[in-house]
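Notes for the one structure printed next.
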Amino acid sequence: MSKRTASGLGQTQLIRMIATWPLSDDTNVTLLLCAWFGGEQEHKPLTLSEYNLLATWLHQNEYRPRDLVGSSCIEDAAKETNLGYHRISGLLERRITLGFHLEEWQRRDYWILGRGDAGYPKRLKQSMKSQAPPVLFGTGEVAIIDQGGTAIVGPEGAMQQSVESVRQLATFYAQIGHAIIIAGRQSIGENAAKSAMAVEGSILWVLQGSELFVPLAKPLRRSRATGQTVLLSSRSPADKRSLGEEPHVGQMLMTLCDSVVYVDSSEISTDRYCVESALPEFLGSRRCFVHVSGEPTETAFQLINSGAEFWKKELIKVRDEPPEVQPEVIEDSPETSDVRQHEPTQADDPDPEIKLSESAKPQSVDPEGSLEEENASEAVRTEADVEVRQESEEETVDDRENFALHGGGTQGELFELDIVSIDEEENMEEDDDEPDSTEVTDSSSQIDLFSTVTDE
Amino acid sequence: MMPKLKNAENLREVATRYLCDAVGNEQAEFRDGQWESIEHAVKGERVLVVQRTGWGKTMVYTIATKIRRENGLGPSLMISPLLALMRNQEEAAFTLGLNARRMTGDNYDDWREIQKELREDEVDILMVTPERLASGHFTRSTLPLITRGLGMLIIDEAHCISDWGHDFRPDYRRIRRVQQVIPRGAAIVATTATANDRVVKDVQKQLGGDIQVSRGSLVRRSLQLHNLTLPDPKVRLAWIAQVVPHLSGSGIIYVLTRKDADLVSSWLRYKGIHAASYYGNAGQREELEHKLLNNEIKALVATIALGMGFDKPDLKFIIHYQRPGSVVHYYQQVGRAGRGIDDAYGFLLWGEEDERIVDYFMDNAFPPQNEINQVLSVLEDADGGLEIEELMAAVNLKKSKIEKVLKLASLESPAPVIQQGREWFATGEASGFKVDPEYIARLRGVRTSEQAQMRKYMQHDGCLMAFLQRALDDDSAKDCGRCRNCTNRANKSHQPKPKLVIEAEQFIKKRRYPIRSRSEWPIADISDHPIHGSGITIDKTHRMLPGFALCSAFDMGLGDQILRERSNGRQYSNMVVEAFIYRLQEWVKNKGIGCVTYVPPRNNRQHVPLLAAAVAERLERPLIHAVARTGEGARQSDQKNEVQRALNVANAFSIERSCKQSALLIDDISVSGWTMVTASALLRHDGCPSVRPVALVKHSLSG
């Protein structure tokens, strides 16, 4: 079988990573409004529902997000959305802070895409509508995101037998041209990635923001460099909040996949990335398989009863059709550069939040974010409902922040290296005598997750 | 974005009030351009201030910060390469009731408190060095403490942003990119005292086309400039010792290397002049600055580390023992003198070694591609990250060269390497990473033309101050009427007294070069031998005491001669042996030396055993052939870094005979000292109560 990338192209015709720098003014403002850079206390970044509310107002009044800077519309916007002038202007005042982060992200070769940017993954826009993250952060081949693929999920602390199943499944799917879609830093994802990379398969890895910061081990570096891996998150790499649960990871994973394989295991799981909890809601729209290597667990039976199928090799199609959402392929012609300069245009790509918000038309600001999308289509409503729950999670962060900042998820069995936070490490780097600089414990700094993806 | 401001209609009045408070003068008024610059900054615009030192650039950003803070905006971040400036800033800000704090390498003890203040929004101006920013630690750990976000960015020495500037500081590349991605509407104040038209235009372009520029005259009327040709170091030393006592007040003597700082300061102290070298740890440096500020010291002998940002209005003189790399550097350094007094002096001496030293700095500014490849390929092959010592063990390059590669590479965007904690990781960009040769060539071209301009300045027979002003594209340049050329003193003799020259020569020859004791191996687990024990620490019972070398390689002739004799002869000449013994006889007194031993050379050469035998005979101590070679090993001078050198000699020796008395351990060349450290550890492990190392030559250039 010939090896194929997720984009359906041979390796010699790889789509180059989209150049997103410099960011558009709209994306800059969206970042200022929505992204957490760590330490925000006085002015909390906007939640998705709050941002949608503001975007709706801007659209109705024929403004763009960038107009919030340097015009008086900020006062009207703040007043009429009830978001508060001081909060909006305070968030926008984070420009210099953002500049430092942007420089670092650029140096680390991340891309950043706002919902209004031409390169923003169409699959996310089409599936999530107004619930799509206002800004996406990632590194690697962005075109993979739109290709779909098979998500491999299961309990985070999977046992050896399940791990073996994960490896075999990932190899199998990669060989038949499916991209492997995985969530968070956990052993399932890591094992799936290792196996897929070994056969030069494509990987779409959905992460919690600060997990993007972990340096990549050799095989993953290569895979990323050859356009076969993309890592992405809806949260900023500087967002160090550890919320105990990361529903945005599971939501995005389920949104991006065509089908999902649940690797059954009797291991007790914390479902930190909320994949298991997101599964039932996607059963109607995603083909779901349960892979069982021993006695099926209760979770397996529940999934089967809800419409999932037991995994059989015969049921899986070799991927030979181009994916539904076509990436923009850069032709090798003298007229076009092989690196596409990102240029958002309203004509090409009307701002999705504005289009959607017209149909959604929220009537008032709901601090719990529960009044969203009443008029949306059924599919959207389903997703919006999930989003409402996600929003609620986000809203409660404030109250439990002290707990959450110190909390952490479970660690996959391959993630057992030095349990040292980045801050501690960097203090060592600066000087042994340096005082600790922050109380925030960054779960992602339990490096080297990606370094432990060793050579095959 | 123009923030909503209190008292927006009478901001100038408010600002003038602060100015009066700051200078303690009720009648104080802004200088040309000062208020306008403040206004731009307060409104959230970008401004570049190019004004001579002493003009009041500090006032621009402190008053702007004061007004912005009173309007509820976030604290200012000031990036400055100059610790001295930061210390002055703390005091200047205090007069306006602002809390300026610095997080630098010399005040770790205060960091916890500063972090607390940052969290509670009590810091008004936070000051950091560009190097600290570059580590990434700042973005991840300090920025999050500033809960309101930074209100204003202050970039000191902004000429460094330009590649055309005289100061190439790699870390400014990051600052350049940071300010390029900061969304519009942010307040940025960039300041410099030294920038020509090309640099101003470049900085302007980098900071954004709509930036406001405030630029003024650079002339310093109080300064009397003198250029003196004194190629021989001993003559220059004599000249300084002759002239300094006749100058009132205190001053700075600039040198190009630390070694020269030590030479000049020890010579001046020998001549009864209160002088000190300005380097060492930051605490010592701060103490020395205070002493100079309070006129408790006649002269500080400093490298370029002191000067920029050091503010002493009554500084009376600046002497350059060697000429700096460019006219702009010179202007910057000499401009420290005479800010607040009517008469001050700048003496520029020219040395025969200057060109070589400046060339050395230029040649080593960028690592060659093969060194970049070596470091990156090791990182690429590693599964995870590597610490610097692990890299040193894998790459036979000097530590400083490895660090230079990492620094350069980590500042690229996207970067081929990233640092996380102590470890360095390759990224996908590492493969095939190349530094743009045109970029390097352009920078070299700039440096070469700067040197040419400096030579031209040394030979200039017109007004010296006007030359400096024109070099900086100052349109107001005209003859100063005070410099050596304007006052027709160019032909007068400036040679020092011959007796003083002879004394300086003897002083140079008598200097010792310390061989320091070591408490740690460069990496852990060097070998299985017990001396390499557990971890990195050298067991106290295995350490050697401090010793010395007779001279330095390439130093004043003797070093060269010893290296020649080592290569060409069968043994060292009587002259060398006698010079060594002469110095040892004095030094060993009261040190309880019981016997003499030596480091056996490779290839059974007899230079060192014969030298040791001569020393033992004259010191009347027994010679013990204690240490033996286990094998030939590689040449130590071929090992380019400490780790490689320590590994190379780790198993090179064994103990043949015991030394039960305190030993004098002799070698001819000491490069990094690991040979002597290892031999001493073996001797002490075998029961020798103490070891003092001595050598003929300290070869520090290759170390």
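Residues in the structure tokens are named by chain (A, B, ... in the order shown) and by number from 1 within that chain; ligands are numbered from 1 in the order shown.
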If we count only C-alpha atoms and set the cut-off at 7 Å, which residues sit around Gln228 of chain A, ignoring sequence neighbours fewer than 2 positions away in its own chain? Please answer as a CSV table (one decimal) with N, CA, C and O atoms, in the first residue's frame.
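Heads up, here's the output in out.csv:
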chain,number,residue,atom,x,y,z
A,5,THR,N,-0.2,10.9,2.9
A,5,THR,CA,-0.4,11.8,4.0
A,5,THR,C,-1.9,12.1,4.1
A,5,THR,O,-2.7,11.7,3.3
A,141,GLU,N,1.4,21.1,10.3
A,141,GLU,CA,0.6,21.2,9.0
A,141,GLU,C,-0.9,21.5,9.3
A,141,GLU,O,-1.6,20.6,9.6
A,201,GLY,N,2.3,7.9,9.1
A,201,GLY,CA,1.0,8.4,9.1
A,201,GLY,C,0.8,9.8,9.6
A,201,GLY,O,1.8,10.4,10.1
A,202,SER,N,-0.3,10.4,9.4
A,202,SER,CA,-0.6,11.7,9.8
A,202,SER,C,-1.2,11.7,11.2
A,202,SER,O,-2.0,10.8,11.5
A,203,ILE,N,-0.9,12.8,11.9
A,203,ILE,CA,-1.4,12.9,13.3
A,203,ILE,C,-2.0,14.3,13.6
A,203,ILE,O,-1.4,15.3,13.2
A,223,SER,N,8.2,14.3,12.1
A,223,SER,CA,6.9,14.2,11.6
A,223,SER,C,6.2,15.6,11.4
A,223,SER,O,5.6,15.8,10.4
A,224,ARG,N,6.5,16.5,12.3
A,224,ARG,CA,5.9,17.8,12.2
A,224,ARG,C,6.6,18.5,11.0
A,224,ARG,O,6.0,19.2,10.1
A,226,THR,N,7.9,17.3,8.4
A,226,THR,CA,7.6,16.8,7.0
A,226,THR,C,6.1,16.9,6.8
A,226,THR,O,5.5,16.4,5.8
A,230,VAL,N,0.1,17.8,13.2
A,230,VAL,CA,-0.3,19.1,13.6
A,230,VAL,C,-0.7,19.0,15.1
A,230,VAL,O,-1.4,18.0,15.5
Could the residues of chain B that have an atom at most 8 Å from chain A be listed as CSV, each with its closest atom pair and the distance in Å to one decimal, counting only C-alpha atoms and ordered by chain and ascending residue number?
residue,atom,partner,partner_atom,distance
B:Met1,CA,A:Gly70,CA,4.7
B:Met2,CA,A:Gly70,CA,6.8
B:Leu73,CA,A:Glu93,CA,7.9
B:Tyr108,CA,A:Glu434,CA,5.4
B:Asp109,CA,A:Glu434,CA,7.4
B:Trp111,CA,A:Pro435,CA,6.3
B:Arg112,CA,A:Pro435,CA,5.6
B:Gln115,CA,A:Ser437,CA,6.7
B:Gly136,CA,A:Glu104,CA,7.5
B:His137,CA,A:Glu426,CA,6.2
B:Thr139,CA,A:Phe100,CA,6.5
B:Arg140,CA,A:Ala238,CA,6.9
B:Ser141,CA,A:Ser437,CA,5.9
B:Thr142,CA,A:Ser437,CA,6.7
B:Leu143,CA,A:Thr97,CA,6.9
B:Pro144,CA,A:Gly39,CA,4.3
B:Leu145,CA,A:Gly39,CA,5.6
B:Ile146,CA,A:Gly39,CA,7.1
B:Thr147,CA,A:Glu40,CA,5.2
B:Arg148,CA,A:Glu42,CA,6.5
B:Gly149,CA,A:Arg94,CA,4.7
B:Leu150,CA,A:Thr97,CA,5.8
B:Gly151,CA,A:Glu93,CA,7.0
B:Met152,CA,A:Ile96,CA,7.3
B:Leu153,CA,A:Ile96,CA,7.1
B:Arg174,CA,A:Glu103,CA,7.5
B:Arg177,CA,A:Glu103,CA,6.2
B:Val178,CA,A:Glu103,CA,5.2
B:Gln179,CA,A:Gly99,CA,6.6
B:Gln180,CA,A:Gly99,CA,7.9
B:Val181,CA,A:Gly99,CA,5.3
B:Ile182,CA,A:Gly99,CA,4.2
B:Pro183,CA,A:Arg95,CA,5.8
B:Arg184,CA,A:Arg95,CA,8.0
B:Gly185,CA,A:Val69,CA,7.3
B:Ala186,CA,A:Arg95,CA,6.3
B:Glu380,CA,A:Lys218,CA,7.0
B:Asp381,CA,A:Lys218,CA,7.4
B:Ala382,CA,A:Lys218,CA,7.2
B:Asp383,CA,A:Lys218,CA,5.3
B:Gly384,CA,A:Ser451,CA,4.7
B:Gly385,CA,A:Ser451,CA,7.9
B:Leu411,CA,A:Arg107,CA,7.7
B:Glu412,CA,A:Arg107,CA,6.8
B:Ser413,CA,A:Arg107,CA,4.2
B:Pro414,CA,A:Arg107,CA,4.1
B:Ala415,CA,A:Arg107,CA,5.4
B:Ile418,CA,A:Arg108,CA,7.7
B:Gln420,CA,A:Glu426,CA,7.1
B:Gly421,CA,A:Glu426,CA,4.3
B:Arg422,CA,A:Glu429,CA,5.0
B:Phe425,CA,A:Pro215,CA,6.7
B:Thr427,CA,A:Arg221,CA,6.3
B:Gly428,CA,A:Arg221,CA,5.3
B:Glu429,CA,A:Ala225,CA,7.8
Identify, on the basis of only C-alpha atoms, every residue whose closest approach to Val199 of chain A does not exceed 7 Å; exclude the query and any residue fewer than 5 positions from it along the same chain; express the result as an mmCIF file with all heavy atoms, in the first residue's frame.
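New file result.cif:
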data_model
loop_
_atom_site.group_PDB
_atom_site.id
_atom_site.type_symbol
_atom_site.label_atom_id
_atom_site.label_comp_id
_atom_site.auth_asym_id
_atom_site.auth_seq_id
_atom_site.Cartn_x
_atom_site.Cartn_y
_atom_site.Cartn_z
ATOM 1 N N THR A 171 -1.448 1.936 13.837
ATOM 2 C CA THR A 171 -0.696 1.474 12.669
ATOM 3 C C THR A 171 -1.663 1.148 11.528
ATOM 4 O O THR A 171 -1.468 1.558 10.386
ATOM 5 C CB THR A 171 0.110 0.203 13.027
ATOM 6 O OG1 THR A 171 0.913 0.494 14.162
ATOM 7 C CG2 THR A 171 0.996 -0.240 11.876
ATOM 8 N N ALA A 174 -3.269 4.353 10.110
ATOM 9 C CA ALA A 174 -2.283 5.169 9.384
ATOM 10 C C ALA A 174 -1.977 4.534 8.044
ATOM 11 O O ALA A 174 -1.838 5.229 7.032
ATOM 12 C CB ALA A 174 -1.021 5.316 10.228
ATOM 13 N N GLN A 175 -1.906 3.202 8.032
ATOM 14 C CA GLN A 175 -1.563 2.515 6.780
ATOM 15 C C GLN A 175 -2.674 2.598 5.730
ATOM 16 O O GLN A 175 -2.404 2.523 4.544
ATOM 17 C CB GLN A 175 -1.214 1.053 7.076
ATOM 18 C CG GLN A 175 0.193 0.927 7.643
ATOM 19 C CD GLN A 175 0.551 -0.493 8.006
ATOM 20 O OE1 GLN A 175 -0.332 -1.314 8.298
ATOM 21 N NE2 GLN A 175 1.842 -0.797 8.004
#
Handout entry: Shortest interatomic distance to Ser210 of chain A - which of A:Glu80, A:Ser265, A:Ile188, A:Gly138, counting only C-alpha atoms
Key =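 So, comparing all the options, the nearest one is A:Gly138.
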Problem - Selection near Phe317 of chain B, 6 Å with only C-alpha atoms, sequence-local residues under 5 positions removed, as a VMD selection string - result: chain B and resid 251 337 344 to 346
Exercise for the section: Looking only at strand (DSSP E or B) from DSSP on the backbone, list the matching residues of segment 67-300 of chain A as a VMD selection string. Expected result: chain A and resid 111 to 114 135 to 140 150 to 153 180 to 183 203 to 206 229 to 233 259 to 263 287 to 291
Exercise for the section: List every residue of segment 327-535 of chain B that DSSP, applied to the backbone of this structure, places in helix (DSSP H, G or I), and write the result as a PyMOL selection string. Expected result: chain B and resi 327-334+354-363+369-381+388-394+399-410+437-459+464-471+498-510+530-532
